[in-house]
Structure formats: structure tokens, C-alpha cells
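Undergrad: What follows is the file structure.pdb, containing PDB, C-alpha atoms:
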```
ATOM      1  CA  MET B   1      -7.056   9.473 -27.170
ATOM      2  CA  ASN B   2      -7.671  13.140 -27.922
ATOM      3  CA  LYS B   3      -4.941  15.722 -27.448
ATOM      4  CA  LYS B   4      -6.566  17.492 -24.492
ATOM      5  CA  LEU B   5      -7.022  14.248 -22.530
ATOM      6  CA  GLN B   6      -3.451  13.241 -23.299
ATOM      7  CA  GLN B   7      -2.161  16.603 -22.022
ATOM      8  CA  THR B   8      -4.271  16.249 -18.874
ATOM      9  CA  LEU B   9      -2.857  12.777 -18.189
ATOM     10  CA  GLU B  10       0.698  13.967 -18.855
ATOM     11  CA  THR B  11       0.256  16.908 -16.463
ATOM     12  CA  LYS B  12      -1.177  14.633 -13.772
ATOM     13  CA  ARG B  13       1.711  12.206 -14.269
ATOM     14  CA  ARG B  14       4.309  15.018 -14.074
ATOM     15  CA  ILE B  15       2.782  16.336 -10.831
ATOM     16  CA  THR B  16       2.577  12.837  -9.344
ATOM     17  CA  ASP B  17       6.163  11.958 -10.247
ATOM     18  CA  ALA B  18       7.484  15.231  -8.817
ATOM     19  CA  ALA B  19       5.501  14.749  -5.594
ATOM     20  CA  LYS B  20       6.684  11.155  -5.225
ATOM     21  CA  THR B  21      10.331  12.145  -5.551
ATOM     22  CA  LEU B  22       9.961  14.938  -3.008
ATOM     23  CA  ILE B  23       7.905  12.957  -0.496
ATOM     24  CA  PHE B  24      10.155   9.904  -0.738
ATOM     25  CA  ASN B  25      13.256  12.060  -0.188
ATOM     26  CA  LYS B  26      11.984  14.645   2.325
ATOM     27  CA  GLY B  27       8.980  12.947   3.913
ATOM     28  CA  TYR B  28       5.287  13.747   3.646
ATOM     29  CA  LYS B  29       5.115  16.594   6.171
ATOM     30  CA  ALA B  30       8.303  18.321   4.992
ATOM     31  CA  THR B  31       7.058  18.467   1.398
ATOM     32  CA  SER B  32       4.957  21.541   0.665
ATOM     33  CA  ILE B  33       2.664  22.340  -2.240
ATOM     34  CA  GLU B  34       5.174  25.055  -3.152
ATOM     35  CA  ASP B  35       7.890  22.394  -3.412
ATOM     36  CA  ILE B  36       5.667  20.383  -5.747
ATOM     37  CA  VAL B  37       4.869  23.496  -7.825
ATOM     38  CA  GLU B  38       8.573  24.163  -8.296
ATOM     39  CA  ALA B  39       9.536  20.547  -9.023
ATOM     40  CA  SER B  40       6.648  19.828 -11.394
ATOM     41  CA  GLY B  41       6.570  23.143 -13.245
ATOM     42  CA  SER B  42       2.803  23.253 -12.670
ATOM     43  CA  SER B  43       0.910  26.046 -11.008
ATOM     44  CA  LYS B  44      -0.690  25.622  -7.603
ATOM     45  CA  GLY B  45      -4.100  25.996  -9.285
ATOM     46  CA  ASN B  46      -3.259  23.214 -11.709
ATOM     47  CA  ILE B  47      -2.259  20.892  -8.858
ATOM     48  CA  TYR B  48      -5.479  21.645  -6.982
ATOM     49  CA  TYR B  49      -7.484  21.139 -10.188
ATOM     50  CA  HIS B  50      -6.190  17.583 -10.477
ATOM     51  CA  PHE B  51      -5.954  16.590  -6.805
ATOM     52  CA  LYS B  52      -7.907  19.115  -4.643
ATOM     53  CA  SER B  53      -5.221  19.075  -1.939
ATOM     54  CA  LYS B  54      -1.797  17.778  -0.957
ATOM     55  CA  GLU B  55      -3.627  14.988   0.882
ATOM     56  CA  GLY B  56      -5.549  14.091  -2.267
ATOM     57  CA  LEU B  57      -2.311  13.955  -4.230
ATOM     58  CA  PHE B  58      -0.707  11.654  -1.659
ATOM     59  CA  LEU B  59      -3.777   9.397  -1.616
ATOM     60  CA  HIS B  60      -3.382   9.101  -5.384
ATOM     61  CA  ILE B  61       0.253   8.056  -4.864
ATOM     62  CA  ILE B  62      -0.826   5.429  -2.286
ATOM     63  CA  GLU B  63      -3.461   4.053  -4.660
ATOM     64  CA  GLU B  64      -0.924   3.822  -7.493
ATOM     65  CA  TRP B  65       1.486   1.996  -5.190
ATOM     66  CA  ASP B  66      -1.263  -0.440  -4.161
ATOM     67  CA  GLU B  67      -2.108  -1.071  -7.821
ATOM     68  CA  GLU B  68       1.558  -1.650  -8.695
ATOM     69  CA  TRP B  69       1.933  -4.025  -5.741
ATOM     70  CA  GLU B  70      -1.174  -5.962  -6.746
ATOM     71  CA  GLN B  71       0.018  -6.174 -10.368
ATOM     72  CA  ARG B  72       3.381  -7.581  -9.246
ATOM     73  CA  TRP B  73       1.521 -10.063  -7.039
ATOM     74  CA  LYS B  74      -0.800 -11.200  -9.853
ATOM     75  CA  GLU B  75       2.195 -11.839 -12.094
ATOM     76  CA  LYS B  76       3.605 -14.386  -9.646
ATOM     77  CA  GLU B  77       0.553 -15.607  -7.719
ATOM     78  CA  HIS B  78       0.423 -18.708  -9.943
ATOM     79  CA  LEU B  79       3.746 -19.800  -8.421
ATOM     80  CA  TYR B  80       1.931 -20.453  -5.123
ATOM     81  CA  PRO B  81      -0.496 -23.391  -5.499
ATOM     82  CA  THR B  82      -2.202 -23.259  -2.098
ATOM     83  CA  ALA B  83      -3.662 -20.478   0.013
ATOM     84  CA  THR B  84      -0.980 -21.208   2.634
ATOM     85  CA  ASP B  85       1.759 -20.817   0.020
ATOM     86  CA  LYS B  86       0.097 -17.604  -1.161
ATOM     87  CA  LEU B  87       0.128 -16.165   2.357
ATOM     88  CA  TYR B  88       3.854 -16.829   2.661
ATOM     89  CA  GLY B  89       4.463 -15.437  -0.829
ATOM     90  CA  MET B  90       2.396 -12.332  -0.127
ATOM     91  CA  PHE B  91       4.238 -11.668   3.140
ATOM     92  CA  ASP B  92       7.602 -12.194   1.414
ATOM     93  CA  GLN B  93       6.675  -9.611  -1.209
ATOM     94  CA  LEU B  94       5.508  -7.181   1.475
ATOM     95  CA  ALA B  95       8.698  -7.692   3.492
ATOM     96  CA  LEU B  96      10.821  -6.837   0.476
ATOM     97  CA  ASP B  97       8.666  -3.765  -0.178
ATOM     98  CA  GLU B  98       9.124  -2.630   3.408
ATOM     99  CA  LEU B  99      12.882  -2.888   2.997
ATOM    100  CA  ASN B 100      13.060  -1.004  -0.262
ATOM    101  CA  HIS B 101      10.143   1.398  -0.524
ATOM    102  CA  PRO B 102      10.232   4.905   0.988
ATOM    103  CA  ILE B 103       6.434   5.192   0.799
ATOM    104  CA  SER B 104       6.071   3.183   4.021
ATOM    105  CA  LYS B 105       7.492   5.927   6.244
ATOM    106  CA  ALA B 106       5.536   8.607   4.344
ATOM    107  CA  ILE B 107       2.301   6.649   4.886
ATOM    108  CA  ASP B 108       3.053   6.466   8.625
ATOM    109  CA  GLU B 109       3.472  10.254   8.716
ATOM    110  CA  PHE B 110       0.294  10.753   6.720
ATOM    111  CA  VAL B 111      -1.937   8.362   8.679
ATOM    112  CA  ASN B 112      -0.778   9.824  11.989
ATOM    113  CA  SER B 113      -1.632  13.399  10.967
ATOM    114  CA  GLU B 114      -4.213  14.818  13.347
ATOM    115  CA  ASP B 115      -5.801  17.246  10.928
ATOM    116  CA  LEU B 116      -6.992  14.975   8.109
ATOM    117  CA  ALA B 117     -10.192  16.148   6.439
ATOM    118  CA  GLU B 118     -13.239  13.885   6.474
ATOM    119  CA  ASP B 119     -13.024  13.168   2.728
ATOM    120  CA  VAL B 120      -9.398  12.093   3.187
ATOM    121  CA  LYS B 121     -10.375   9.804   6.076
ATOM    122  CA  SER B 122     -13.112   8.327   3.880
ATOM    123  CA  LYS B 123     -10.626   7.685   1.080
ATOM    124  CA  MET B 124      -8.223   6.018   3.525
ATOM    125  CA  ALA B 125     -11.111   3.832   4.698
ATOM    126  CA  GLU B 126     -11.712   2.820   1.057
ATOM    127  CA  ILE B 127      -8.052   1.901   0.642
ATOM    128  CA  PHE B 128      -8.126  -0.234   3.797
ATOM    129  CA  ALA B 129     -11.390  -1.817   2.655
ATOM    130  CA  SER B 130      -9.667  -2.929  -0.550
ATOM    131  CA  HIS B 131      -6.892  -4.505   1.563
ATOM    132  CA  PHE B 132      -9.483  -6.291   3.701
ATOM    133  CA  ALA B 133     -11.236  -7.588   0.558
ATOM    134  CA  PHE B 134      -7.930  -8.869  -0.848
ATOM    135  CA  ASN B 135      -7.145 -10.672   2.419
ATOM    136  CA  LYS B 136     -10.684 -12.026   2.724
ATOM    137  CA  GLU B 137     -10.605 -13.573  -0.742
ATOM    138  CA  LEU B 138      -7.340 -15.353   0.016
ATOM    139  CA  LEU B 139      -8.604 -16.598   3.379
ATOM    140  CA  GLN B 140     -11.858 -17.828   1.821
ATOM    141  CA  GLN B 141      -9.833 -19.839  -0.695
ATOM    142  CA  GLY B 142      -7.994 -21.521   2.162
ATOM    143  CA  ILE B 143     -11.197 -22.210   4.093
ATOM    144  CA  ALA B 144     -12.916 -23.646   0.992
ATOM    145  CA  ALA B 145      -9.902 -25.902   0.309
ATOM    146  CA  GLY B 146      -9.866 -27.156   3.916
ATOM    147  CA  GLU B 147      -6.424 -25.629   4.554
ATOM    148  CA  PHE B 148      -7.867 -23.266   7.151
ATOM    149  CA  ALA B 149     -10.461 -24.002   9.795
ATOM    150  CA  PRO B 150     -13.968 -22.718   9.062
ATOM    151  CA  GLY B 151     -14.267 -19.193  10.365
ATOM    152  CA  ASP B 152     -15.253 -15.646   9.680
ATOM    153  CA  ALA B 153     -12.970 -14.660   6.786
ATOM    154  CA  GLU B 154     -14.069 -11.042   7.093
ATOM    155  CA  THR B 155     -12.905 -10.733  10.698
ATOM    156  CA  LEU B 156      -9.732 -12.693   9.971
ATOM    157  CA  SER B 157      -8.957 -10.342   7.074
ATOM    158  CA  VAL B 158      -8.899  -7.405   9.521
ATOM    159  CA  VAL B 159      -6.704  -9.380  11.934
ATOM    160  CA  LEU B 160      -4.328 -10.187   9.071
ATOM    161  CA  GLU B 161      -4.162  -6.530   7.975
ATOM    162  CA  SER B 162      -3.507  -5.490  11.589
ATOM    163  CA  LEU B 163      -0.660  -7.987  11.751
ATOM    164  CA  LEU B 164       0.804  -6.485   8.580
ATOM    165  CA  ALA B 165       0.446  -2.944   9.934
ATOM    166  CA  GLY B 166       2.268  -3.939  13.117
ATOM    167  CA  LEU B 167       5.033  -5.602  11.115
ATOM    168  CA  SER B 168       5.392  -2.486   9.007
ATOM    169  CA  GLN B 169       6.001  -0.446  12.168
ATOM    170  CA  THR B 170       8.407  -3.036  13.556
ATOM    171  CA  THR B 171      10.617  -3.013  10.470
ATOM    172  CA  ARG B 172      11.711   0.500  11.412
ATOM    173  CA  VAL B 173      13.471  -0.736  14.553
ATOM    174  CA  VAL B 174      14.913  -4.160  13.666
ATOM    175  CA  ASN B 175      17.964  -5.206  11.705
ATOM    176  CA  ILE B 176      17.280  -5.277   7.986
ATOM    177  CA  GLU B 177      18.404  -8.890   7.692
ATOM    178  CA  ASP B 178      15.691  -9.894  10.202
ATOM    179  CA  VAL B 179      12.749  -8.352   8.348
ATOM    180  CA  GLN B 180      11.938 -11.184   5.954
ATOM    181  CA  ARG B 181      12.296 -13.760   8.745
ATOM    182  CA  LEU B 182       9.933 -11.722  10.948
ATOM    183  CA  TYR B 183       7.308 -11.615   8.205
ATOM    184  CA  HIS B 184       7.722 -15.356   7.612
ATOM    185  CA  ASP B 185       7.384 -16.113  11.332
ATOM    186  CA  ALA B 186       4.291 -13.899  11.535
ATOM    187  CA  VAL B 187       2.563 -15.968   8.845
ATOM    188  CA  THR B 188       3.469 -19.158  10.711
ATOM    189  CA  VAL B 189       1.960 -17.831  13.959
ATOM    190  CA  PHE B 190      -1.175 -16.614  12.146
ATOM    191  CA  LEU B 191      -1.612 -19.995  10.413
ATOM    192  CA  ARG B 192      -1.332 -21.875  13.698
ATOM    193  CA  GLY B 193      -4.473 -20.076  14.796
ATOM    194  CA  ILE B 194      -6.501 -20.908  11.658
ATOM    195  CA  THR B 195      -5.184 -24.327  10.596
ATOM    196  CA  PRO B 196      -7.540 -27.230  11.378
ATOM    197  CA  ARG B 197      -6.322 -29.396  14.220
TER     198      ARG B 197
END
```
Could you render the structure as C-alpha cells?
TA:
Amino acid sequence: MNKKLQQTLETKRRITDAAKTLIFNKGYKATSIEDIVEASGSSKGNIYYHFKSKEGLFLHIIEEWDEEWEQRWKEKEHLYPTATDKLYGMFDQLALDELNHPISKAIDEFVNSEDLAEDVKSKMAEIFASHFAFNKELLQQGIAAGEFAPGDAETLSVVLESLLAGLSQTTRVVNIEDVQRLYHDAVTVFLRGITPR
């Protein structure tokens, strides 16, 4: 790797790490570009060079978090032999993330912003599309193995993601000790609807 590329990656990493710390501690809306400039030691122009906007920077953080989550999942997916087991395992991992990760609240703030630019909305749509694809692949495995009734895996993937989004909101208002049980029960209810009779 040449020196200039290495410096670029280091600068991007420094900006991202500073933004994460601020957003996770203060929230998305309360964190300004000026805060990120001060915390990262980078100029405003440098931040905009790498990310175009505060929204672009936060989308980058969301994508990194998704990639980290998927990497953690891949490392233990082999522990779950069936698609049903994988659904429970996936929901368990998500429940633990909801308990311990400050990005969840920041994402809520971000998604509910009324003034998101069209390119930001498009990027969010891409992120959700990757979630739908992940869900669809898992559901297709279960359908192919006869664990789940034949059905439209694409539609079910959206239903599954909607269930997860609702659970994410619910975890803000329930006792922490109930979160993992709620996620587990949600999988059970979902499976009742797609398990062959």
C-alpha cells in the first residue's frame, strides 16, 4: 500500500472513530460537524472530502456496524445446523446488540430525520436491501430443507426485517432482562406462521 493511500485510510479511520464516540455519547442530532472537527483534528473540508456530509459519515458508520455484525455472525453460524436454529441464533445476537450498542438509538434519530437528502435516502434503501437479501437467503434455506412452508421468501424477508425493526423500538421501553426473551418469542411466533402443518 502506498504512503498516500495509507494516510487517506488513517485519516478516514480517525474521523470515523471520533464521530462514533461523539454520536454514541451525545446522539446523532446533538453531534455537529464542528464537534467532529475538534475531536478528530481534521478540517471541515477534509471531513467533507471523505464523506460529503454528516449524513454520509453516519451512513459509513452504519455500514461498518453491519459488516462487523455480519462477520460476528459468520464466525458462529456453523453452530446452528438448521435454518430454524439460525433464526434463533440470529435473533439472540441481535438482542444482545440491542442491549449493548449505542448505535441503535442513533439510527432511530437518523432515520426519523425529516430533512434527509435523496442520496442519503437511496443509501439507506441499499442498506435495507442488504438486510432483506440476508433474510431471504436464510428463509430460502429453510424452505429448500422443508423446515418452512413453501412461500415467497422475498416478501417474508421484509416481514422478518419489520419484526426486527419493531423489536428494536420495543427494547427502549421494556426491562433489560426481558429483551432476549422477547426476541426469542418473536422468532417462535414468526416460525408458527411459516412452519409446515
Undergrad: Report as a ChimeraX atom specification the full result of the PyMOL selection byres ((chain B and resi 120) around 12) when it is applied to this structure.
TA: /B:51-60,110-111,113-119,121-127
Undergrad: Write a file of the just-selected residues containing C-alpha atoms, as a PDB file, in the coordinates of the input.
TA:
```pdb
ATOM      1  CA  PHE B  51      -5.954  16.590  -6.805  1.00  0.00           C
ATOM      2  CA  LYS B  52      -7.907  19.115  -4.643  1.00  0.00           C
ATOM      3  CA  SER B  53      -5.221  19.075  -1.939  1.00  0.00           C
ATOM      4  CA  LYS B  54      -1.797  17.778  -0.957  1.00  0.00           C
ATOM      5  CA  GLU B  55      -3.627  14.988   0.882  1.00  0.00           C
ATOM      6  CA  GLY B  56      -5.549  14.091  -2.267  1.00  0.00           C
ATOM      7  CA  LEU B  57      -2.311  13.955  -4.230  1.00  0.00           C
ATOM      8  CA  PHE B  58      -0.707  11.654  -1.659  1.00  0.00           C
ATOM      9  CA  LEU B  59      -3.777   9.397  -1.616  1.00  0.00           C
ATOM     10  CA  HIS B  60      -3.382   9.101  -5.384  1.00  0.00           C
ATOM     11  CA  PHE B 110       0.294  10.753   6.720  1.00  0.00           C
ATOM     12  CA  VAL B 111      -1.937   8.362   8.679  1.00  0.00           C
ATOM     13  CA  SER B 113      -1.632  13.399  10.967  1.00  0.00           C
ATOM     14  CA  GLU B 114      -4.213  14.818  13.347  1.00  0.00           C
ATOM     15  CA  ASP B 115      -5.801  17.246  10.928  1.00  0.00           C
ATOM     16  CA  LEU B 116      -6.992  14.975   8.109  1.00  0.00           C
ATOM     17  CA  ALA B 117     -10.192  16.148   6.439  1.00  0.00           C
ATOM     18  CA  GLU B 118     -13.239  13.885   6.474  1.00  0.00           C
ATOM     19  CA  ASP B 119     -13.024  13.168   2.728  1.00  0.00           C
ATOM     20  CA  LYS B 121     -10.375   9.804   6.076  1.00  0.00           C
ATOM     21  CA  SER B 122     -13.112   8.327   3.880  1.00  0.00           C
ATOM     22  CA  LYS B 123     -10.626   7.685   1.080  1.00  0.00           C
ATOM     23  CA  MET B 124      -8.223   6.018   3.525  1.00  0.00           C
ATOM     24  CA  ALA B 125     -11.111   3.832   4.698  1.00  0.00           C
ATOM     25  CA  GLU B 126     -11.712   2.820   1.057  1.00  0.00           C
ATOM     26  CA  ILE B 127      -8.052   1.901   0.642  1.00  0.00           C
TER      27      ILE B 127
END
```
Undergrad: Which residue, B:Ser162, B:Thr171, B:Gln141, B:Asn25, has the smallest gap to Leu87 of chain B when you use only C-alpha atoms?
TA: B:Gln141
Undergrad: For the atom pair atom CA of Lys105 of chain B and atom CA of Phe128 of chain B, what is the interatomic distance in Å to one decimal place?
TA: 17.0 Å
Undergrad: Find the spatial neighbours of segment 151-156 of chain B, counting only C-alpha atoms, within a cut-off of 9 Å - ignore same-chain residues fewer than 3 positions away - and output them as a list of chain:residue names.
TA: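 Using only C-alpha atoms, the neighbours found are B:Phe132, B:Ala133, B:Asn135, B:Lys136, B:Glu137, B:Leu138, B:Leu139, B:Gln140, B:Ile143, B:Phe148, B:Val159, B:Leu160, B:Glu161, B:Ile194.
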Undergrad: Can you turn the PyMOL selection byres ((chain B and resi 16) around 12) into a concrete residue list for this file, as a PyMOL selection string?
TA: chain B and resi 9-15+17-24+33+36-37+39-42+47+50-51+54+56-65
Undergrad: Can those selected residues be exported to a file as a PDB file, in the frame of the given file so that it contains C-alpha atoms?
TA:
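As written to disk, result.pdb reads:
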```
ATOM      1  CA  LEU B   9      -2.857  12.777 -18.189  1.00  0.00           C
ATOM      2  CA  GLU B  10       0.698  13.967 -18.855  1.00  0.00           C
ATOM      3  CA  THR B  11       0.256  16.908 -16.463  1.00  0.00           C
ATOM      4  CA  LYS B  12      -1.177  14.633 -13.772  1.00  0.00           C
ATOM      5  CA  ARG B  13       1.711  12.206 -14.269  1.00  0.00           C
ATOM      6  CA  ARG B  14       4.309  15.018 -14.074  1.00  0.00           C
ATOM      7  CA  ILE B  15       2.782  16.336 -10.831  1.00  0.00           C
ATOM      8  CA  ASP B  17       6.163  11.958 -10.247  1.00  0.00           C
ATOM      9  CA  ALA B  18       7.484  15.231  -8.817  1.00  0.00           C
ATOM     10  CA  ALA B  19       5.501  14.749  -5.594  1.00  0.00           C
ATOM     11  CA  LYS B  20       6.684  11.155  -5.225  1.00  0.00           C
ATOM     12  CA  THR B  21      10.331  12.145  -5.551  1.00  0.00           C
ATOM     13  CA  LEU B  22       9.961  14.938  -3.008  1.00  0.00           C
ATOM     14  CA  ILE B  23       7.905  12.957  -0.496  1.00  0.00           C
ATOM     15  CA  PHE B  24      10.155   9.904  -0.738  1.00  0.00           C
ATOM     16  CA  ILE B  33       2.664  22.340  -2.240  1.00  0.00           C
ATOM     17  CA  ILE B  36       5.667  20.383  -5.747  1.00  0.00           C
ATOM     18  CA  VAL B  37       4.869  23.496  -7.825  1.00  0.00           C
ATOM     19  CA  ALA B  39       9.536  20.547  -9.023  1.00  0.00           C
ATOM     20  CA  SER B  40       6.648  19.828 -11.394  1.00  0.00           C
ATOM     21  CA  GLY B  41       6.570  23.143 -13.245  1.00  0.00           C
ATOM     22  CA  SER B  42       2.803  23.253 -12.670  1.00  0.00           C
ATOM     23  CA  ILE B  47      -2.259  20.892  -8.858  1.00  0.00           C
ATOM     24  CA  HIS B  50      -6.190  17.583 -10.477  1.00  0.00           C
ATOM     25  CA  PHE B  51      -5.954  16.590  -6.805  1.00  0.00           C
ATOM     26  CA  LYS B  54      -1.797  17.778  -0.957  1.00  0.00           C
ATOM     27  CA  GLY B  56      -5.549  14.091  -2.267  1.00  0.00           C
ATOM     28  CA  LEU B  57      -2.311  13.955  -4.230  1.00  0.00           C
ATOM     29  CA  PHE B  58      -0.707  11.654  -1.659  1.00  0.00           C
ATOM     30  CA  LEU B  59      -3.777   9.397  -1.616  1.00  0.00           C
ATOM     31  CA  HIS B  60      -3.382   9.101  -5.384  1.00  0.00           C
ATOM     32  CA  ILE B  61       0.253   8.056  -4.864  1.00  0.00           C
ATOM     33  CA  ILE B  62      -0.826   5.429  -2.286  1.00  0.00           C
ATOM     34  CA  GLU B  63      -3.461   4.053  -4.660  1.00  0.00           C
ATOM     35  CA  GLU B  64      -0.924   3.822  -7.493  1.00  0.00           C
ATOM     36  CA  TRP B  65       1.486   1.996  -5.190  1.00  0.00           C
TER      37      TRP B  65
END
```
Undergrad: Mind giving me the straight-line distance from atom CA of Tyr48 of chain B to atom CA of Ile107 of chain B in Å, one decimal?
TA: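 Between atom CA of Tyr48 of chain B and atom CA of Ile107 of chain B the gap is 20.6 Å.
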Undergrad: Give me the residues near Asp92 of chain B as a list of chain:residue names, where near means some atom within 9 Å (using only C-alpha atoms) and where sequence neighbours in that chain fewer than 4 positions away do not count.
TA: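 Returned residues: B:Leu87, B:Tyr88, B:Leu96, B:Asp97, B:Gln180, B:Arg181, B:Tyr183, B:His184.
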Undergrad: Create the file for the chosen residues now, containing C-alpha atoms and written as a tab-separated table (two decimals), keeping the file's coordinate frame.
TA:
```
chain	number	residue	atom	x	y	z
B	87	LEU	CA	0.13	-16.16	2.36
B	88	TYR	CA	3.85	-16.83	2.66
B	96	LEU	CA	10.82	-6.84	0.48
B	97	ASP	CA	8.67	-3.76	-0.18
B	180	GLN	CA	11.94	-11.18	5.95
B	181	ARG	CA	12.30	-13.76	8.74
B	183	TYR	CA	7.31	-11.62	8.20
B	184	HIS	CA	7.72	-15.36	7.61
```
Undergrad: Would you kindly translate the PyMOL selection byres ((chain B and resi 168) around 10) into the concrete residues it picks from this file, as a list in words?
TA: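 Selected by the PyMOL selection byres ((chain B and resi 168) around 10) here: Leu94, Ala95, Asp97, Glu98, Leu99, Ser104, Lys105, Asp108, Ser162, Leu163, Leu164, Ala165, Gly166, Leu167, Gln169, Thr170, Thr171, Arg172, Val173, Val179 and Tyr183 of chain B.
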Undergrad: Rounded to one decimal, what separation in Å do you get between atom CA of Thr31 of chain B and atom CA of Asn112 of chain B?
TA: 15.8 Å
Undergrad: Choose the residue, out of B:Pro196, B:His131, B:Glu34, B:Gly89, that has the smallest atom-to-atom separation from Glu67 of chain B; count all atoms listed in the file.
TA: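 When distances to Glu67 of chain B are compared using all atoms listed in the file, the smallest one comes from B:His131.
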Undergrad: Counting all atoms listed in the file, which residue out of B:Gln6, B:Asp66, B:Pro81, B:Tyr49 sits closest to Phe134 of chain B?
TA: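 Of the candidates, the smallest distance to Phe134 of chain B is held by B:Asp66.
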Undergrad: Would you please work out which residue, of B:Gln93, B:Arg197, B:Lys29, B:Ala83, is nearest to Gln71 of chain B when using all atoms listed in the file?
TA: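 For Gln71 of chain B, the nearest of the given residues is B:Gln93.
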Undergrad: Have a look at B:Thr82, B:Thr195, B:Thr8, B:Ser130 and name the one nearest to Ser157 of chain B; count all atoms listed in the file.
TA: B:Ser130
